[in-house]
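The structure under discussion appears below in the form of structure tokens.
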Amino acid sequence: MSRGAATVIHRCLTLSRGVGTVPDVHGAPAVAATDPMLPRVFSVRSRRQDTADTFTVELSADDGNGLAFGPGQFNMLYGFGRGESAISISGDAARPETLVHTVRAVGTVTRALETLQPGAQLGVRGPFGSAWPLAAARGRDVVFLAGGIGLAPLRPAILAVLAARAEYGRVVLLYGARTPADILYREELERLRARLDVEVQVTVDAAAADWRGNVGLVTRLVHRAGFNPAAAVAMLCGPEIMMRYSVLELLQAGMAGADIHVSLERNMKCAVAFCGHCQYGPELICRDGPVFPWPRVARWFDAREV
Amino acid sequence: MDVHDLESYLAGHPFFSGLAPDYLALLTGCAANVRFEPGQAIFTQGGAAENFYLLREGRVALAFPHAAAGGVVIDTLEDGDVLGASWLIAPYSWPYDARALTTTRALALDAVCLRDKCDEDPVLGYDLSRRFAAVVVERLHAAELRLTDMYANPAAPQVSTGV
């Protein structure tokens, strides 16, 4: 196993219960706040507009320390004077000195974050929650299935798998977006698609006549993808209705439910399992999730009220 | 591909899985190899639905031609997919365009011939109707899911996708 992959997997295990301190892979100090309710101050280093309503910021801590995390974990981003919002980390776990978040402007806090320009400050609490099962996926085929902005929480896992490519079997990325203009990380997807050791398939729900790519539900990509369902691990993130039907396709293809993992999203407030805002059946998504094995949450997907 | 190969291909295609050998032979008699170049129309909206296609290779876009921005692509199909169900139901006309996005090879089945056979042999007609119903229901369900606009920004006003 490469050093990078080992470190990432170590982080996934170490951080799966919440905030912790993790050794850094590249030598720079990487710490998490000891008081999980106390934000650290970060500054915006760069900002990129990804789509009409989605942007990516690269942050660095004002105290000079990095922020170690496991792929799949999230932070609470604090727009001073506006409030906090739970945002998955979308950067490279092997580079904890650079914290990357891709954010969709949907509410008061995220719209405030949208206005931050390089040099501006914000608060960060985290990382919180569980991580993608990269250790369990080692030696197996890996299927990443994302919809819309759901590609952002999967990006750290994709980067970790690519950094240790030889440790995994076939790697498949299936991605669905609303229209071609809504495709996230488009240039990165195109670069990834050019690789010979990764299968990338993208589809959109609607497109103009000049679009030459796929149109249709992302679920339909499952049966076209080249992987062994009996020896694969799937990681899904996107709208719950998309994940529900994607899971059905994966099960129909022959995957075991326990090999399918989903990332859930709920309104988070404290992020440390005190307030109960993110309760999902018996689970608290901030503590027990956001990444769950499918069998653990399957019954709640069909519940009319949770 | 000779007649024997055609029959073997049809027999091995999931769409015709379990079809009685006599019917396979009949379908083989109605099948022809066709090829479309990128950009070439396979059929156009309002045209007579006189065939259906089993795609062997390539990718095909289904599009409403008169919508905004020069047309809206509503679906794409690939190898192994079945193209066209309008031959089965009156008025037997295509509701949209089908255009090859890449070099596309397919088997075209003569629907006029098949309709007559189905009228003469209700067992065959029922069998084919059920197979096409499964395809149509699957695509209808996919269209229903897309109607939910699942990727839309929940904070944004409900607007068209702009295409």
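Within each chain, counting starts at residue 1; across the structure tokens, chains are named A, B, ... in the order shown, with ligands numbered 1 upward in that order.
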
Practice prompt. Restrict the distance test to only C-alpha atoms, flag each residue of chain B within 12 Å of chain A, and return the flagged residues as a PyMOL selection string.
Written response: chain B and resi 38-39+58-81+97-102+138-157+160-163

Selection above as a file: C-alpha atoms, as a PDB file, in the first residue's frame:
ATOM      1  CA  PRO B  38     -22.733  10.421 -36.965  1.00  0.00           C
ATOM      2  CA  GLY B  39     -25.437  13.065 -37.319  1.00  0.00           C
ATOM      3  CA  GLY B  58     -23.079   3.321 -31.158  1.00  0.00           C
ATOM      4  CA  ARG B  59     -25.134   5.978 -29.443  1.00  0.00           C
ATOM      5  CA  VAL B  60     -28.429   7.517 -30.520  1.00  0.00           C
ATOM      6  CA  ALA B  61     -30.088  10.739 -29.326  1.00  0.00           C
ATOM      7  CA  LEU B  62     -33.849  11.074 -29.104  1.00  0.00           C
ATOM      8  CA  ALA B  63     -34.887  14.710 -29.459  1.00  0.00           C
ATOM      9  CA  PHE B  64     -37.878  16.961 -29.793  1.00  0.00           C
ATOM     10  CA  PRO B  65     -36.819  19.067 -32.766  1.00  0.00           C
ATOM     11  CA  HIS B  66     -38.927  22.203 -32.421  1.00  0.00           C
ATOM     12  CA  ALA B  67     -38.283  23.192 -28.823  1.00  0.00           C
ATOM     13  CA  ALA B  68     -36.106  26.090 -27.686  1.00  0.00           C
ATOM     14  CA  ALA B  69     -32.413  26.296 -28.538  1.00  0.00           C
ATOM     15  CA  GLY B  70     -32.774  24.173 -31.636  1.00  0.00           C
ATOM     16  CA  GLY B  71     -34.181  21.116 -29.940  1.00  0.00           C
ATOM     17  CA  VAL B  72     -34.139  19.205 -26.690  1.00  0.00           C
ATOM     18  CA  VAL B  73     -32.461  15.847 -26.286  1.00  0.00           C
ATOM     19  CA  ILE B  74     -34.710  13.742 -24.073  1.00  0.00           C
ATOM     20  CA  ASP B  75     -32.779  10.488 -23.973  1.00  0.00           C
ATOM     21  CA  THR B  76     -29.781   8.696 -25.371  1.00  0.00           C
ATOM     22  CA  LEU B  77     -29.626   4.995 -26.153  1.00  0.00           C
ATOM     23  CA  GLU B  78     -26.664   2.692 -26.592  1.00  0.00           C
ATOM     24  CA  ASP B  79     -25.712  -0.814 -27.662  1.00  0.00           C
ATOM     25  CA  GLY B  80     -28.184  -3.367 -26.429  1.00  0.00           C
ATOM     26  CA  ASP B  81     -31.042  -0.872 -26.179  1.00  0.00           C
ATOM     27  CA  ASP B  97     -36.406  12.467 -33.874  1.00  0.00           C
ATOM     28  CA  ALA B  98     -33.755   9.788 -33.523  1.00  0.00           C
ATOM     29  CA  ARG B  99     -30.262  10.752 -34.646  1.00  0.00           C
ATOM     30  CA  ALA B 100     -26.996   8.844 -34.526  1.00  0.00           C
ATOM     31  CA  LEU B 101     -24.434  10.580 -32.314  1.00  0.00           C
ATOM     32  CA  THR B 102     -21.703   8.141 -33.296  1.00  0.00           C
ATOM     33  CA  GLU B 138     -39.029   1.517 -17.527  1.00  0.00           C
ATOM     34  CA  ARG B 139     -38.517   4.651 -19.606  1.00  0.00           C
ATOM     35  CA  LEU B 140     -41.755   6.184 -18.318  1.00  0.00           C
ATOM     36  CA  HIS B 141     -40.555   5.654 -14.756  1.00  0.00           C
ATOM     37  CA  ALA B 142     -37.216   7.247 -15.604  1.00  0.00           C
ATOM     38  CA  ALA B 143     -39.065  10.210 -17.107  1.00  0.00           C
ATOM     39  CA  GLU B 144     -41.204  10.502 -13.977  1.00  0.00           C
ATOM     40  CA  LEU B 145     -38.096  10.602 -11.793  1.00  0.00           C
ATOM     41  CA  ARG B 146     -36.562  13.275 -13.988  1.00  0.00           C
ATOM     42  CA  LEU B 147     -39.781  15.284 -13.617  1.00  0.00           C
ATOM     43  CA  THR B 148     -38.948  15.627  -9.924  1.00  0.00           C
ATOM     44  CA  ASP B 149     -36.009  17.796 -11.005  1.00  0.00           C
ATOM     45  CA  MET B 150     -34.018  16.134  -8.262  1.00  0.00           C
ATOM     46  CA  TYR B 151     -30.840  18.141  -8.782  1.00  0.00           C
ATOM     47  CA  ALA B 152     -32.539  21.531  -8.676  1.00  0.00           C
ATOM     48  CA  ASN B 153     -31.388  24.055  -6.116  1.00  0.00           C
ATOM     49  CA  PRO B 154     -34.059  23.819  -3.396  1.00  0.00           C
ATOM     50  CA  ALA B 155     -33.719  27.533  -2.737  1.00  0.00           C
ATOM     51  CA  ALA B 156     -34.160  28.549  -6.352  1.00  0.00           C
ATOM     52  CA  PRO B 157     -37.523  29.452  -7.853  1.00  0.00           C
ATOM     53  CA  SER B 160     -37.262  25.522 -16.676  1.00  0.00           C
ATOM     54  CA  THR B 161     -33.899  23.883 -17.257  1.00  0.00           C
ATOM     55  CA  GLY B 162     -33.289  26.436 -19.963  1.00  0.00           C
ATOM     56  CA  VAL B 163     -32.854  24.003 -22.795  1.00  0.00           C
TER      57      VAL B 163
END

Practice prompt. Excluding Arg125 in chain A and residues on its chain fewer than 4 positions from it, collect all residues at most 6 Å away from it, counting only C-alpha atoms, and give them as a VMD selection string.
Written response: chain A and resid 39 75 to 76

Go ahead and write the selection's residues with C-alpha atoms as a compact mmCIF listing (two decimals), in the first residue's frame.
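See result.txt below for the written result:
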# COMPACT_ATOMS: atom_id res chain seq x y z
CA PRO A 39 -14.22 27.52 15.49
CA ASN A 75 -16.94 20.84 8.62
CA MET A 76 -19.18 23.52 10.05

Worksheet entry | Atomic distance CA of His101 in chain A - CA of Leu145 in chain A, expressed in Å with one decimal |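 CA of Leu145 in chain A lies at a distance of 19.4 Å from CA of His101 in chain A.
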
Taking the chain letters and numbering used in this document, name the residues of range 36-138 of chain A that DSSP puts in strand (DSSP E), as a PDB file with C-alpha atoms, in the first residue's frame.
ATOM      1  CA  ARG A  40     -10.746  28.062  14.123  1.00  0.00           C
ATOM      2  CA  VAL A  41     -10.200  31.045  11.889  1.00  0.00           C
ATOM      3  CA  PHE A  42      -9.373  30.308   8.259  1.00  0.00           C
ATOM      4  CA  SER A  43      -8.776  32.652   5.343  1.00  0.00           C
ATOM      5  CA  VAL A  44      -9.864  32.272   1.756  1.00  0.00           C
ATOM      6  CA  ARG A  45      -6.840  31.669  -0.463  1.00  0.00           C
ATOM      7  CA  SER A  46      -8.724  31.259  -3.716  1.00  0.00           C
ATOM      8  CA  ARG A  47     -12.250  31.089  -4.986  1.00  0.00           C
ATOM      9  CA  ARG A  48     -13.675  29.532  -8.142  1.00  0.00           C
ATOM     10  CA  GLN A  49     -17.215  29.648  -9.512  1.00  0.00           C
ATOM     11  CA  ASP A  50     -18.058  26.092 -10.599  1.00  0.00           C
ATOM     12  CA  THR A  51     -21.623  26.515 -11.825  1.00  0.00           C
ATOM     13  CA  THR A  54     -21.922  26.473  -6.799  1.00  0.00           C
ATOM     14  CA  PHE A  55     -18.439  27.643  -5.918  1.00  0.00           C
ATOM     15  CA  THR A  56     -15.224  26.214  -4.503  1.00  0.00           C
ATOM     16  CA  VAL A  57     -12.985  27.887  -1.949  1.00  0.00           C
ATOM     17  CA  GLU A  58      -9.479  26.941  -0.880  1.00  0.00           C
ATOM     18  CA  LEU A  59      -8.816  27.876   2.726  1.00  0.00           C
ATOM     19  CA  SER A  60      -5.802  27.983   4.984  1.00  0.00           C
ATOM     20  CA  ALA A  61      -5.793  28.222   8.750  1.00  0.00           C
ATOM     21  CA  PHE A  74     -17.677  17.523   6.927  1.00  0.00           C
ATOM     22  CA  ASN A  75     -16.938  20.837   8.619  1.00  0.00           C
ATOM     23  CA  MET A  76     -19.177  23.523  10.051  1.00  0.00           C
ATOM     24  CA  LEU A  77     -18.347  26.698   8.134  1.00  0.00           C
ATOM     25  CA  TYR A  78     -19.102  29.882  10.033  1.00  0.00           C
ATOM     26  CA  GLY A  79     -19.881  33.028   8.097  1.00  0.00           C
ATOM     27  CA  GLY A  83     -24.249  31.571  11.135  1.00  0.00           C
ATOM     28  CA  GLU A  84     -22.958  28.088  10.430  1.00  0.00           C
ATOM     29  CA  SER A  85     -23.594  25.545   7.717  1.00  0.00           C
ATOM     30  CA  ALA A  86     -22.463  21.921   7.447  1.00  0.00           C
ATOM     31  CA  ILE A  87     -20.367  21.461   4.309  1.00  0.00           C
ATOM     32  CA  SER A  88     -18.570  18.304   3.227  1.00  0.00           C
ATOM     33  CA  LEU A  99      -8.853  22.936   3.115  1.00  0.00           C
ATOM     34  CA  VAL A 100     -11.188  22.780   0.116  1.00  0.00           C
ATOM     35  CA  HIS A 101     -14.946  23.167   0.229  1.00  0.00           C
ATOM     36  CA  THR A 102     -17.371  23.164  -2.676  1.00  0.00           C
ATOM     37  CA  VAL A 103     -20.523  24.986  -1.630  1.00  0.00           C
ATOM     38  CA  ARG A 104     -23.913  25.449  -3.203  1.00  0.00           C
ATOM     39  CA  GLN A 121     -11.933  35.127   7.005  1.00  0.00           C
ATOM     40  CA  LEU A 122     -14.420  32.545   8.210  1.00  0.00           C
ATOM     41  CA  GLY A 123     -14.725  30.103  11.086  1.00  0.00           C
ATOM     42  CA  VAL A 124     -14.279  26.353  10.758  1.00  0.00           C
ATOM     43  CA  ARG A 125     -15.308  23.641  13.204  1.00  0.00           C
ATOM     44  CA  GLY A 126     -14.496  20.048  12.445  1.00  0.00           C
ATOM     45  CA  PRO A 127     -13.919  17.640  10.930  1.00  0.00           C
ATOM     46  CA  PHE A 128     -16.991  15.711  11.977  1.00  0.00           C
TER      47      PHE A 128
END

Practice prompt. Please indicate the distance in Å from CA of Ala111 in chain B to CA of Tyr92 in chain B, rounded to one decimal place.
Written response: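 Those two atoms sit 9.6 Å apart.
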
Discussion item. What does the structure give for the distance between CA of Leu221 in chain A and CA of Trp132 in chain A, in Å to one decimal?
Written reply: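 Result for CA of Leu221 in chain A versus CA of Trp132 in chain A: 21.7 Å, one decimal.
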